[in-house]
file input17.pdb (PDB, C-alpha atoms)
ATOM      1  CA  MET Y   1       0.000   0.000   0.000
ATOM      2  CA  ILE Y   2       1.386   3.426  -1.025
ATOM      3  CA  VAL Y   3      -0.175   6.670   0.269
ATOM      4  CA  LYS Y   4       0.583  10.141  -1.154
ATOM      5  CA  GLN Y   5      -0.441  11.970   2.036
ATOM      6  CA  TRP Y   6      -1.243  10.151   5.279
ATOM      7  CA  THR Y   7      -3.315  13.115   6.526
ATOM      8  CA  GLU Y   8      -5.820  12.617   3.690
ATOM      9  CA  LEU Y   9      -6.958   9.494   5.549
ATOM     10  CA  ALA Y  10      -7.721  11.468   8.739
ATOM     11  CA  LYS Y  11     -11.220  11.527  10.231
ATOM     12  CA  PHE Y  12     -12.430  13.651  13.126
ATOM     13  CA  SER Y  13     -15.141  13.366  15.739
ATOM     14  CA  SER Y  14     -16.545  16.165  17.864
ATOM     15  CA  GLU Y  15     -17.021  13.675  20.732
ATOM     16  CA  LYS Y  16     -13.485  12.383  21.217
ATOM     17  CA  MET Y  17     -10.177  11.674  19.535
ATOM     18  CA  ALA Y  18     -10.867   9.637  16.380
ATOM     19  CA  LYS Y  19      -8.764   6.635  15.323
ATOM     20  CA  VAL Y  20      -8.188   5.508  11.732
ATOM     21  CA  THR Y  21      -6.412   2.247  10.880
ATOM     22  CA  ILE Y  22      -3.945   2.665   8.021
ATOM     23  CA  ALA Y  23      -1.984  -0.592   8.115
ATOM     24  CA  GLN Y  24      -2.688  -3.875   9.846
ATOM     25  CA  GLY Y  25       0.266  -6.204   9.534
ATOM     26  CA  GLU Y  26       1.084  -9.435  11.299
ATOM     27  CA  ILE Y  27       3.505  -7.763  13.700
ATOM     28  CA  LEU Y  28       3.032  -4.023  13.073
ATOM     29  CA  PHE Y  29      -0.095  -1.870  13.332
ATOM     30  CA  ALA Y  30      -0.285   1.750  12.118
ATOM     31  CA  GLY Y  31      -3.072   4.263  12.505
ATOM     32  CA  LEU Y  32      -3.898   7.940  12.747
ATOM     33  CA  ASN Y  33      -4.983   9.564  15.995
ATOM     34  CA  CYS Y  34      -7.030  12.632  15.037
ATOM     35  CA  PHE Y  35      -7.716  15.390  17.569
ATOM     36  CA  GLU Y  36     -10.054  18.364  17.498
ATOM     37  CA  PRO Y  37      -9.040  21.276  19.772
ATOM     38  CA  GLY Y  38      -9.322  20.318  23.438
ATOM     39  CA  GLN Y  39      -9.166  16.566  22.867
ATOM     40  CA  GLU Y  40      -6.482  14.320  24.337
ATOM     41  CA  HIS Y  41      -5.319  10.737  24.560
ATOM     42  CA  ALA Y  42      -4.992  10.188  28.294
ATOM     43  CA  ALA Y  43      -1.799   8.775  29.800
ATOM     44  CA  HIS Y  44      -1.539   5.023  29.440
ATOM     45  CA  ALA Y  45       1.041   2.273  28.993
ATOM     46  CA  HIS Y  46       1.052  -0.982  27.053
ATOM     47  CA  ALA Y  47       2.702  -4.011  28.605
ATOM     48  CA  GLY Y  48       4.808  -5.770  25.985
ATOM     49  CA  GLN Y  49       3.931  -3.262  23.258
ATOM     50  CA  ASP Y  50       6.208  -0.592  21.734
ATOM     51  CA  LYS Y  51       4.766   2.630  20.329
ATOM     52  CA  LEU Y  52       6.118   5.266  17.943
ATOM     53  CA  TYR Y  53       4.413   8.644  17.362
ATOM     54  CA  ILE Y  54       4.985  10.832  14.297
ATOM     55  CA  VAL Y  55       3.196  14.216  14.359
ATOM     56  CA  LEU Y  56       1.864  14.912  10.838
ATOM     57  CA  GLU Y  57      -0.151  18.102  11.384
ATOM     58  CA  GLY Y  58      -0.761  20.504  14.274
ATOM     59  CA  ASP Y  59       0.866  20.799  17.698
ATOM     60  CA  ALA Y  60       0.944  18.123  20.386
ATOM     61  CA  GLU Y  61       2.010  18.068  23.995
ATOM     62  CA  ILE Y  62       3.558  14.621  24.255
ATOM     63  CA  GLN Y  63       4.533  12.939  27.487
ATOM     64  CA  VAL Y  64       6.723   9.841  27.689
ATOM     65  CA  GLY Y  65       7.709   8.717  31.170
ATOM     66  CA  ASP Y  66       8.959  11.818  33.019
ATOM     67  CA  GLU Y  67       9.574  13.791  29.818
ATOM     68  CA  LYS Y  68       7.047  16.269  28.386
ATOM     69  CA  GLN Y  69       7.489  18.410  25.250
ATOM     70  CA  LEU Y  70       5.547  20.410  22.690
ATOM     71  CA  VAL Y  71       6.036  18.708  19.315
ATOM     72  CA  SER Y  72       4.963  19.985  15.890
ATOM     73  CA  ALA Y  73       4.728  18.319  12.478
ATOM     74  CA  GLY Y  74       7.896  16.394  11.649
ATOM     75  CA  GLY Y  75       8.649  15.405  15.246
ATOM     76  CA  GLY Y  76       7.438  12.603  17.454
ATOM     77  CA  ALA Y  77       8.249  10.205  20.260
ATOM     78  CA  PHE Y  78       8.984   6.612  21.157
ATOM     79  CA  ALA Y  79       7.497   4.861  24.166
ATOM     80  CA  GLY Y  80       8.957   1.438  24.825
ATOM     81  CA  ALA Y  81       6.816  -1.368  26.248
ATOM     82  CA  GLY Y  82       5.428  -0.478  29.669
ATOM     83  CA  VAL Y  83       6.386   3.226  29.572
ATOM     84  CA  LEU Y  84       3.587   5.667  30.393
ATOM     85  CA  HIS Y  85       2.729   8.067  27.534
ATOM     86  CA  SER Y  86       0.063  10.574  26.535
ATOM     87  CA  VAL Y  87      -0.797  13.077  23.794
ATOM     88  CA  ARG Y  88      -2.665  16.329  24.328
ATOM     89  CA  LYS Y  89      -3.808  18.692  21.583
ATOM     90  CA  ARG Y  90      -2.347  22.210  21.831
ATOM     91  CA  GLY Y  91      -3.383  25.306  19.892
ATOM     92  CA  GLU Y  92      -6.387  25.828  17.639
ATOM     93  CA  GLN Y  93      -5.358  23.725  14.644
ATOM     94  CA  ARG Y  94      -6.439  20.109  14.323
ATOM     95  CA  LEU Y  95      -3.819  17.534  15.274
ATOM     96  CA  VAL Y  96      -3.009  14.350  13.362
ATOM     97  CA  VAL Y  97      -0.522  11.875  14.824
ATOM     98  CA  LEU Y  98       0.622   8.750  13.015
ATOM     99  CA  THR Y  99       0.898   5.991  15.580
ATOM    100  CA  VAL Y 100       2.756   2.713  15.124
ATOM    101  CA  LEU Y 101       2.244  -0.194  17.518
ATOM    102  CA  ALA Y 102       4.010  -3.532  17.667
ATOM    103  CA  PRO Y 103       2.635  -6.035  18.281
ATOM    104  CA  PRO Y 104      -0.817  -4.910  16.996
ATOM    105  CA  PRO Y 105      -3.508  -4.141  19.592
ATOM    106  CA  ARG Y 106      -5.829  -7.034  20.346
ATOM    107  CA  PRO Y 107      -9.386  -6.533  19.023
TER     108      PRO Y 107
ATOM    109  CA  MET L 108      12.239   9.635  23.963
ATOM    110  CA  ILE L 109      10.698  12.776  22.427
ATOM    111  CA  VAL L 110      12.150  14.348  19.267
ATOM    112  CA  LYS L 111      11.240  17.839  17.958
ATOM    113  CA  GLN L 112      12.237  17.061  14.364
ATOM    114  CA  TRP L 113      13.151  13.559  13.201
ATOM    115  CA  THR L 114      15.127  14.964  10.240
ATOM    116  CA  GLU L 115      17.617  16.627  12.613
ATOM    117  CA  LEU L 116      18.907  13.114  13.350
ATOM    118  CA  ALA L 117      19.633  12.432   9.654
ATOM    119  CA  LYS L 118      23.155  11.579   8.469
ATOM    120  CA  PHE L 119      24.306  11.214   4.880
ATOM    121  CA  SER L 120      27.083   9.351   3.115
ATOM    122  CA  SER L 121      28.396  10.023  -0.370
ATOM    123  CA  GLU L 122      29.023   6.268  -0.798
ATOM    124  CA  LYS L 123      25.541   4.850  -0.241
ATOM    125  CA  MET L 124      22.243   5.355   1.534
ATOM    126  CA  ALA L 125      22.960   5.996   5.234
ATOM    127  CA  LYS L 126      20.962   4.444   8.079
ATOM    128  CA  VAL L 127      20.373   6.027  11.490
ATOM    129  CA  THR L 128      18.729   4.156  14.361
ATOM    130  CA  ILE L 129      16.183   6.297  16.223
ATOM    131  CA  ALA L 130      14.355   3.761  18.392
ATOM    132  CA  GLN L 131      15.213   0.213  19.314
ATOM    133  CA  GLY L 132      12.339  -1.411  21.145
ATOM    134  CA  GLU L 133      11.673  -5.010  22.057
ATOM    135  CA  ILE L 134       9.239  -5.501  19.190
ATOM    136  CA  LEU L 135       9.545  -2.301  17.130
ATOM    137  CA  PHE L 136      12.592  -0.772  15.432
ATOM    138  CA  ALA L 137      12.623   2.716  13.865
ATOM    139  CA  GLY L 138      15.319   4.397  11.843
ATOM    140  CA  LEU L 139      16.011   6.978   9.170
ATOM    141  CA  ASN L 140      17.081   6.002   5.662
ATOM    142  CA  CYS L 141      18.990   8.990   4.255
ATOM    143  CA  PHE L 142      19.624   9.322   0.522
ATOM    144  CA  GLU L 143      21.837  11.640  -1.482
ATOM    145  CA  PRO L 144      20.733  12.205  -5.098
ATOM    146  CA  GLY L 145      21.115   9.043  -7.164
ATOM    147  CA  GLN L 146      21.091   6.655  -4.193
ATOM    148  CA  GLU L 147      18.510   3.924  -3.730
ATOM    149  CA  HIS L 148      17.476   1.075  -1.463
ATOM    150  CA  ALA L 149      17.233  -1.856  -3.854
ATOM    151  CA  ALA L 150      14.129  -4.026  -3.957
ATOM    152  CA  HIS L 151      14.009  -6.575  -1.150
ATOM    153  CA  ALA L 152      11.529  -8.377   1.094
ATOM    154  CA  HIS L 153      11.618  -9.456   4.721
ATOM    155  CA  ALA L 154      10.112 -12.804   5.654
ATOM    156  CA  GLY L 155       8.046 -12.398   8.822
ATOM    157  CA  GLN L 156       8.774  -8.666   9.129
ATOM    158  CA  ASP L 157       6.375  -5.755   8.469
ATOM    159  CA  LYS L 158       7.683  -2.380   7.291
ATOM    160  CA  LEU L 159       6.190   1.119   7.288
ATOM    161  CA  TYR L 160       7.744   4.062   5.418
ATOM    162  CA  ILE L 161       7.056   7.723   6.204
ATOM    163  CA  VAL L 162       8.707  10.239   3.849
ATOM    164  CA  LEU L 163       9.967  13.182   5.934
ATOM    165  CA  GLU L 164      11.861  15.220   3.345
ATOM    166  CA  GLY L 165      12.406  15.048  -0.429
ATOM    167  CA  ASP L 166      10.824  12.888  -3.118
ATOM    168  CA  ALA L 167      10.890   9.094  -3.287
ATOM    169  CA  GLU L 168       9.876   6.584  -5.894
ATOM    170  CA  ILE L 169       8.481   3.820  -3.734
ATOM    171  CA  GLN L 170       7.615   0.344  -4.970
ATOM    172  CA  VAL L 171       5.548  -2.144  -2.976
ATOM    173  CA  GLY L 172       4.656  -5.359  -4.756
ATOM    174  CA  ASP L 173       3.318  -4.379  -8.196
ATOM    175  CA  GLU L 174       2.578  -0.789  -7.168
ATOM    176  CA  LYS L 175       4.984   2.109  -7.833
ATOM    177  CA  GLN L 176       4.410   5.786  -6.969
ATOM    178  CA  LEU L 177       6.242   9.060  -6.458
ATOM    179  CA  VAL L 178       5.765  10.076  -2.826
ATOM    180  CA  SER L 179       6.745  13.378  -1.179
ATOM    181  CA  ALA L 180       6.988  14.458   2.467
ATOM    182  CA  GLY L 181       3.877  13.475   4.415
ATOM    183  CA  GLY L 182       3.235  10.294   2.452
ATOM    184  CA  GLY L 183       4.567   6.776   2.724
ATOM    185  CA  ALA L 184       3.906   3.094   2.276
ATOM    186  CA  PHE L 185       3.319  -0.185   4.068
ATOM    187  CA  ALA L 186       4.925  -3.456   3.008
ATOM    188  CA  GLY L 187       3.607  -6.478   4.856
ATOM    189  CA  ALA L 188       5.865  -9.416   5.677
ATOM    190  CA  GLY L 189       7.260 -11.022   2.529
ATOM    191  CA  VAL L 190       6.152  -8.259   0.128
ATOM    192  CA  LEU L 191       8.876  -6.915  -2.195
ATOM    193  CA  HIS L 192       9.595  -3.191  -1.728
ATOM    194  CA  SER L 193      12.156  -0.563  -2.718
ATOM    195  CA  VAL L 194      12.868   3.166  -2.400
ATOM    196  CA  ARG L 195      14.616   5.254  -5.026
ATOM    197  CA  LYS L 196      15.642   8.893  -4.631
ATOM    198  CA  ARG L 197      14.059  11.269  -7.179
ATOM    199  CA  GLY L 198      14.944  14.884  -7.840
ATOM    200  CA  GLU L 199      17.911  16.886  -6.590
ATOM    201  CA  GLN L 200      16.908  17.333  -2.959
ATOM    202  CA  ARG L 201      18.121  14.938  -0.273
ATOM    203  CA  LEU L 202      15.615  12.303   0.805
ATOM    204  CA  VAL L 203      14.898  11.234   4.381
ATOM    205  CA  VAL L 204      12.526   8.333   5.019
ATOM    206  CA  LEU L 205      11.471   7.231   8.492
ATOM    207  CA  THR L 206      11.351   3.446   8.478
ATOM    208  CA  VAL L 207       9.603   1.282  11.054
ATOM    209  CA  LEU L 208      10.262  -2.462  11.250
ATOM    210  CA  ALA L 209       8.626  -5.087  13.423
ATOM    211  CA  PRO L 210      10.115  -7.288  14.639
ATOM    212  CA  PRO L 211      13.490  -5.473  14.783
ATOM    213  CA  PRO L 212      16.180  -6.544  12.310
ATOM    214  CA  ARG L 213      18.632  -9.099  13.671
ATOM    215  CA  PRO L 214      22.148  -7.712  14.229
TER     216      PRO L 214
END
call {"tool": "encode", "arguments": {"input": "input17.pdb", "output": "structure tokens"}}
result
Amino acid sequence: MIVKQWTELAKFSSEKMAKVTIAQGEILFAGLNCFEPGQEHAAHAHAGQDKLYIVLEGDAEIQVGDEKQLVSAGGGAFAGAGVLHSVRKRGEQRLVVLTVLAPPPRP
Amino acid sequence: MIVKQWTELAKFSSEKMAKVTIAQGEILFAGLNCFEPGQEHAAHAHAGQDKLYIVLEGDAEIQVGDEKQLVSAGGGAFAGAGVLHSVRKRGEQRLVVLTVLAPPPRP
């Protein structure tokens, strides 16, 4: 699968952060987390699951363990298995974060 | 680990495409593939290993299976385990592609 612009696959919900699956492999899962202003993905950790964030559009306040930073398009973060992490929308623009998980989340 | 701009970690070599490791998890590996004009990552496949490409800078001709497309920053591709894929630098600008592999490559 080849995609010209990942953000063209984004979908938003006024209720809460929206998730879009973009690749479902055997070992790797990728999706978009799409935030309207004020929305967030509360702090959580995954036992035995690594996660990589790539910010595609907008500004995010990302927390990984004890570290917290404002990250714009082109940046991101890595949270190894078991490490607490969260993403919070900052500013007025919509936020789209490409998220890669391995192994894939269980249905 | 939080990174403001992934491309600031890029390194280039005049000899061949350069690789930079950016995250080494238990199940997920992420790195940058950095191309000078004329360089390419020849077609190959990984048995039992999924791969996601995110183009961060420059223009790439990406092939996955029978599909081939020119992809610029913000786009990318997914090659499931065993699917043939390649990346070729197009244009005069340097090319930086964020590459995610699961499981990690063996040393």
call {"tool": "residues_around", "arguments": {"input": "input17.pdb", "residues": "Ile169 (chain L)", "least_positions_apart": "5", "cutoff": "6 Å", "atoms": "only C-alpha atoms", "output": "list in words"}}
result
Lys175, Gln176, Ser193 and Val194 of chain L
call {"tool": "atom_distance", "arguments": {"input": "input17.pdb", "atom1": "CA of Val204 (chain L)", "atom2": "CA of Asp50 (chain Y)"}}
result
20.0 Å
call {"tool": "resolve_selection", "arguments": {"input": "input17.pdb", "expression": "the PyMOL selection byres ((chain Y and resi 43) around 8)", "output": "list in words"}}
result
His41, Ala42, His44, Ala45, Gln63, Leu84, His85, Ser86 and Val87 of chain Y
call {"tool": "calpha_fit_and_write", "arguments": {"input": "input17.pdb", "fixed": "chain Y", "moving": "chain L", "output": "PDB file with C-alpha atoms, in the frame of the given file"}}
result
ATOM      1  CA  MET L 108      -0.005   0.020  -0.008  1.00  0.00           C
ATOM      2  CA  ILE L 109       1.393   3.427  -1.026  1.00  0.00           C
ATOM      3  CA  VAL L 110      -0.165   6.666   0.257  1.00  0.00           C
ATOM      4  CA  LYS L 111       0.592  10.153  -1.155  1.00  0.00           C
ATOM      5  CA  GLN L 112      -0.429  11.976   2.031  1.00  0.00           C
ATOM      6  CA  TRP L 113      -1.227  10.154   5.271  1.00  0.00           C
ATOM      7  CA  THR L 114      -3.299  13.115   6.528  1.00  0.00           C
ATOM      8  CA  GLU L 115      -5.814  12.637   3.692  1.00  0.00           C
ATOM      9  CA  LEU L 116      -6.959   9.506   5.546  1.00  0.00           C
ATOM     10  CA  ALA L 117      -7.715  11.479   8.738  1.00  0.00           C
ATOM     11  CA  LYS L 118     -11.219  11.520  10.239  1.00  0.00           C
ATOM     12  CA  PHE L 119     -12.410  13.637  13.144  1.00  0.00           C
ATOM     13  CA  SER L 120     -15.141  13.356  15.744  1.00  0.00           C
ATOM     14  CA  SER L 121     -16.531  16.158  17.874  1.00  0.00           C
ATOM     15  CA  GLU L 122     -17.021  13.664  20.739  1.00  0.00           C
ATOM     16  CA  LYS L 123     -13.480  12.377  21.238  1.00  0.00           C
ATOM     17  CA  MET L 124     -10.177  11.672  19.542  1.00  0.00           C
ATOM     18  CA  ALA L 125     -10.862   9.612  16.396  1.00  0.00           C
ATOM     19  CA  LYS L 126      -8.764   6.622  15.323  1.00  0.00           C
ATOM     20  CA  VAL L 127      -8.184   5.499  11.732  1.00  0.00           C
ATOM     21  CA  THR L 128      -6.427   2.243  10.862  1.00  0.00           C
ATOM     22  CA  ILE L 129      -3.936   2.654   8.005  1.00  0.00           C
ATOM     23  CA  ALA L 130      -1.981  -0.609   8.099  1.00  0.00           C
ATOM     24  CA  GLN L 131      -2.690  -3.874   9.834  1.00  0.00           C
ATOM     25  CA  GLY L 132       0.270  -6.198   9.544  1.00  0.00           C
ATOM     26  CA  GLU L 133       1.086  -9.436  11.299  1.00  0.00           C
ATOM     27  CA  ILE L 134       3.493  -7.764  13.706  1.00  0.00           C
ATOM     28  CA  LEU L 135       3.035  -4.028  13.061  1.00  0.00           C
ATOM     29  CA  PHE L 136      -0.093  -1.871  13.320  1.00  0.00           C
ATOM     30  CA  ALA L 137      -0.279   1.753  12.113  1.00  0.00           C
ATOM     31  CA  GLY L 138      -3.067   4.254  12.503  1.00  0.00           C
ATOM     32  CA  LEU L 139      -3.897   7.935  12.733  1.00  0.00           C
ATOM     33  CA  ASN L 140      -4.982   9.550  15.991  1.00  0.00           C
ATOM     34  CA  CYS L 141      -7.023  12.627  15.032  1.00  0.00           C
ATOM     35  CA  PHE L 142      -7.726  15.373  17.564  1.00  0.00           C
ATOM     36  CA  GLU L 143     -10.055  18.349  17.503  1.00  0.00           C
ATOM     37  CA  PRO L 144      -9.028  21.254  19.766  1.00  0.00           C
ATOM     38  CA  GLY L 145      -9.321  20.313  23.432  1.00  0.00           C
ATOM     39  CA  GLN L 146      -9.162  16.548  22.861  1.00  0.00           C
ATOM     40  CA  GLU L 147      -6.473  14.325  24.331  1.00  0.00           C
ATOM     41  CA  HIS L 148      -5.298  10.735  24.576  1.00  0.00           C
ATOM     42  CA  ALA L 149      -4.980  10.208  28.316  1.00  0.00           C
ATOM     43  CA  ALA L 150      -1.798   8.800  29.815  1.00  0.00           C
ATOM     44  CA  HIS L 151      -1.539   5.031  29.473  1.00  0.00           C
ATOM     45  CA  ALA L 152       1.041   2.282  29.005  1.00  0.00           C
ATOM     46  CA  HIS L 153       1.047  -0.969  27.067  1.00  0.00           C
ATOM     47  CA  ALA L 154       2.693  -4.005  28.624  1.00  0.00           C
ATOM     48  CA  GLY L 155       4.790  -5.772  25.987  1.00  0.00           C
ATOM     49  CA  GLN L 156       3.926  -3.264  23.246  1.00  0.00           C
ATOM     50  CA  ASP L 157       6.202  -0.585  21.727  1.00  0.00           C
ATOM     51  CA  LYS L 158       4.750   2.643  20.329  1.00  0.00           C
ATOM     52  CA  LEU L 159       6.109   5.275  17.941  1.00  0.00           C
ATOM     53  CA  TYR L 160       4.417   8.645  17.348  1.00  0.00           C
ATOM     54  CA  ILE L 161       4.978  10.830  14.282  1.00  0.00           C
ATOM     55  CA  VAL L 162       3.198  14.211  14.336  1.00  0.00           C
ATOM     56  CA  LEU L 163       1.859  14.916  10.828  1.00  0.00           C
ATOM     57  CA  GLU L 164      -0.150  18.094  11.382  1.00  0.00           C
ATOM     58  CA  GLY L 165      -0.745  20.501  14.284  1.00  0.00           C
ATOM     59  CA  ASP L 166       0.877  20.793  17.702  1.00  0.00           C
ATOM     60  CA  ALA L 167       0.952  18.116  20.395  1.00  0.00           C
ATOM     61  CA  GLU L 168       2.021  18.074  23.998  1.00  0.00           C
ATOM     62  CA  ILE L 169       3.552  14.633  24.259  1.00  0.00           C
ATOM     63  CA  GLN L 170       4.530  12.947  27.509  1.00  0.00           C
ATOM     64  CA  VAL L 171       6.719   9.847  27.695  1.00  0.00           C
ATOM     65  CA  GLY L 172       7.705   8.722  31.168  1.00  0.00           C
ATOM     66  CA  ASP L 173       8.953  11.821  33.017  1.00  0.00           C
ATOM     67  CA  GLU L 174       9.572  13.793  29.820  1.00  0.00           C
ATOM     68  CA  LYS L 175       7.049  16.282  28.383  1.00  0.00           C
ATOM     69  CA  GLN L 176       7.496  18.422  25.250  1.00  0.00           C
ATOM     70  CA  LEU L 177       5.550  20.414  22.685  1.00  0.00           C
ATOM     71  CA  VAL L 178       6.043  18.721  19.317  1.00  0.00           C
ATOM     72  CA  SER L 179       4.963  19.997  15.884  1.00  0.00           C
ATOM     73  CA  ALA L 180       4.735  18.314  12.473  1.00  0.00           C
ATOM     74  CA  GLY L 181       7.910  16.391  11.660  1.00  0.00           C
ATOM     75  CA  GLY L 182       8.642  15.405  15.248  1.00  0.00           C
ATOM     76  CA  GLY L 183       7.448  12.584  17.448  1.00  0.00           C
ATOM     77  CA  ALA L 184       8.241  10.206  20.260  1.00  0.00           C
ATOM     78  CA  PHE L 185       8.979   6.604  21.152  1.00  0.00           C
ATOM     79  CA  ALA L 186       7.482   4.856  24.169  1.00  0.00           C
ATOM     80  CA  GLY L 187       8.941   1.434  24.835  1.00  0.00           C
ATOM     81  CA  ALA L 188       6.808  -1.368  26.252  1.00  0.00           C
ATOM     82  CA  GLY L 189       5.428  -0.471  29.677  1.00  0.00           C
ATOM     83  CA  VAL L 190       6.394   3.227  29.558  1.00  0.00           C
ATOM     84  CA  LEU L 191       3.587   5.684  30.397  1.00  0.00           C
ATOM     85  CA  HIS L 192       2.734   8.078  27.544  1.00  0.00           C
ATOM     86  CA  SER L 193       0.061  10.583  26.531  1.00  0.00           C
ATOM     87  CA  VAL L 194      -0.787  13.082  23.783  1.00  0.00           C
ATOM     88  CA  ARG L 195      -2.652  16.328  24.328  1.00  0.00           C
ATOM     89  CA  LYS L 196      -3.809  18.697  21.590  1.00  0.00           C
ATOM     90  CA  ARG L 197      -2.355  22.228  21.834  1.00  0.00           C
ATOM     91  CA  GLY L 198      -3.386  25.300  19.887  1.00  0.00           C
ATOM     92  CA  GLU L 199      -6.408  25.813  17.655  1.00  0.00           C
ATOM     93  CA  GLN L 200      -5.368  23.722  14.665  1.00  0.00           C
ATOM     94  CA  ARG L 201      -6.449  20.097  14.327  1.00  0.00           C
ATOM     95  CA  LEU L 202      -3.829  17.526  15.280  1.00  0.00           C
ATOM     96  CA  VAL L 203      -3.018  14.347  13.361  1.00  0.00           C
ATOM     97  CA  VAL L 204      -0.528  11.873  14.821  1.00  0.00           C
ATOM     98  CA  LEU L 205       0.620   8.752  12.995  1.00  0.00           C
ATOM     99  CA  THR L 206       0.883   5.984  15.565  1.00  0.00           C
ATOM    100  CA  VAL L 207       2.750   2.716  15.109  1.00  0.00           C
ATOM    101  CA  LEU L 208       2.236  -0.195  17.508  1.00  0.00           C
ATOM    102  CA  ALA L 209       4.003  -3.533  17.661  1.00  0.00           C
ATOM    103  CA  PRO L 210       2.617  -6.031  18.278  1.00  0.00           C
ATOM    104  CA  PRO L 211      -0.822  -4.922  16.992  1.00  0.00           C
ATOM    105  CA  PRO L 212      -3.507  -4.138  19.576  1.00  0.00           C
ATOM    106  CA  ARG L 213      -5.839  -7.031  20.339  1.00  0.00           C
ATOM    107  CA  PRO L 214      -9.396  -6.523  19.041  1.00  0.00           C
TER     108      PRO L 214
END
call {"tool": "resolve_selection", "arguments": {"input": "input17.pdb", "expression": "the PyMOL selection byres ((chain Y) within 9 of (chain L))", "output": "PDB file with C-alpha atoms, in the coordinates of the input"}}
result
ATOM      1  CA  MET Y   1       0.000   0.000   0.000  1.00  0.00           C
ATOM      2  CA  ILE Y   2       1.386   3.426  -1.025  1.00  0.00           C
ATOM      3  CA  VAL Y   3      -0.175   6.670   0.269  1.00  0.00           C
ATOM      4  CA  LYS Y   4       0.583  10.141  -1.154  1.00  0.00           C
ATOM      5  CA  GLN Y   5      -0.441  11.970   2.036  1.00  0.00           C
ATOM      6  CA  TRP Y   6      -1.243  10.151   5.279  1.00  0.00           C
ATOM      7  CA  THR Y   7      -3.315  13.115   6.526  1.00  0.00           C
ATOM      8  CA  ILE Y  22      -3.945   2.665   8.021  1.00  0.00           C
ATOM      9  CA  ALA Y  23      -1.984  -0.592   8.115  1.00  0.00           C
ATOM     10  CA  GLN Y  24      -2.688  -3.875   9.846  1.00  0.00           C
ATOM     11  CA  GLY Y  25       0.266  -6.204   9.534  1.00  0.00           C
ATOM     12  CA  GLU Y  26       1.084  -9.435  11.299  1.00  0.00           C
ATOM     13  CA  ILE Y  27       3.505  -7.763  13.700  1.00  0.00           C
ATOM     14  CA  LEU Y  28       3.032  -4.023  13.073  1.00  0.00           C
ATOM     15  CA  PHE Y  29      -0.095  -1.870  13.332  1.00  0.00           C
ATOM     16  CA  ALA Y  30      -0.285   1.750  12.118  1.00  0.00           C
ATOM     17  CA  GLY Y  48       4.808  -5.770  25.985  1.00  0.00           C
ATOM     18  CA  GLN Y  49       3.931  -3.262  23.258  1.00  0.00           C
ATOM     19  CA  ASP Y  50       6.208  -0.592  21.734  1.00  0.00           C
ATOM     20  CA  LYS Y  51       4.766   2.630  20.329  1.00  0.00           C
ATOM     21  CA  LEU Y  52       6.118   5.266  17.943  1.00  0.00           C
ATOM     22  CA  ILE Y  54       4.985  10.832  14.297  1.00  0.00           C
ATOM     23  CA  LEU Y  56       1.864  14.912  10.838  1.00  0.00           C
ATOM     24  CA  ILE Y  62       3.558  14.621  24.255  1.00  0.00           C
ATOM     25  CA  GLN Y  63       4.533  12.939  27.487  1.00  0.00           C
ATOM     26  CA  VAL Y  64       6.723   9.841  27.689  1.00  0.00           C
ATOM     27  CA  GLY Y  65       7.709   8.717  31.170  1.00  0.00           C
ATOM     28  CA  GLU Y  67       9.574  13.791  29.818  1.00  0.00           C
ATOM     29  CA  LYS Y  68       7.047  16.269  28.386  1.00  0.00           C
ATOM     30  CA  GLN Y  69       7.489  18.410  25.250  1.00  0.00           C
ATOM     31  CA  LEU Y  70       5.547  20.410  22.690  1.00  0.00           C
ATOM     32  CA  VAL Y  71       6.036  18.708  19.315  1.00  0.00           C
ATOM     33  CA  SER Y  72       4.963  19.985  15.890  1.00  0.00           C
ATOM     34  CA  ALA Y  73       4.728  18.319  12.478  1.00  0.00           C
ATOM     35  CA  GLY Y  74       7.896  16.394  11.649  1.00  0.00           C
ATOM     36  CA  GLY Y  75       8.649  15.405  15.246  1.00  0.00           C
ATOM     37  CA  GLY Y  76       7.438  12.603  17.454  1.00  0.00           C
ATOM     38  CA  ALA Y  77       8.249  10.205  20.260  1.00  0.00           C
ATOM     39  CA  PHE Y  78       8.984   6.612  21.157  1.00  0.00           C
ATOM     40  CA  ALA Y  79       7.497   4.861  24.166  1.00  0.00           C
ATOM     41  CA  GLY Y  80       8.957   1.438  24.825  1.00  0.00           C
ATOM     42  CA  ALA Y  81       6.816  -1.368  26.248  1.00  0.00           C
ATOM     43  CA  VAL Y 100       2.756   2.713  15.124  1.00  0.00           C
ATOM     44  CA  LEU Y 101       2.244  -0.194  17.518  1.00  0.00           C
ATOM     45  CA  ALA Y 102       4.010  -3.532  17.667  1.00  0.00           C
ATOM     46  CA  PRO Y 103       2.635  -6.035  18.281  1.00  0.00           C
TER      47      PRO Y 103
END
call {"tool": "atom_distance", "arguments": {"input": "input17.pdb", "atom1": "CA of Glu15 (chain Y)", "atom2": "CA of Val96 (chain Y)"}}
result
15.8 Å
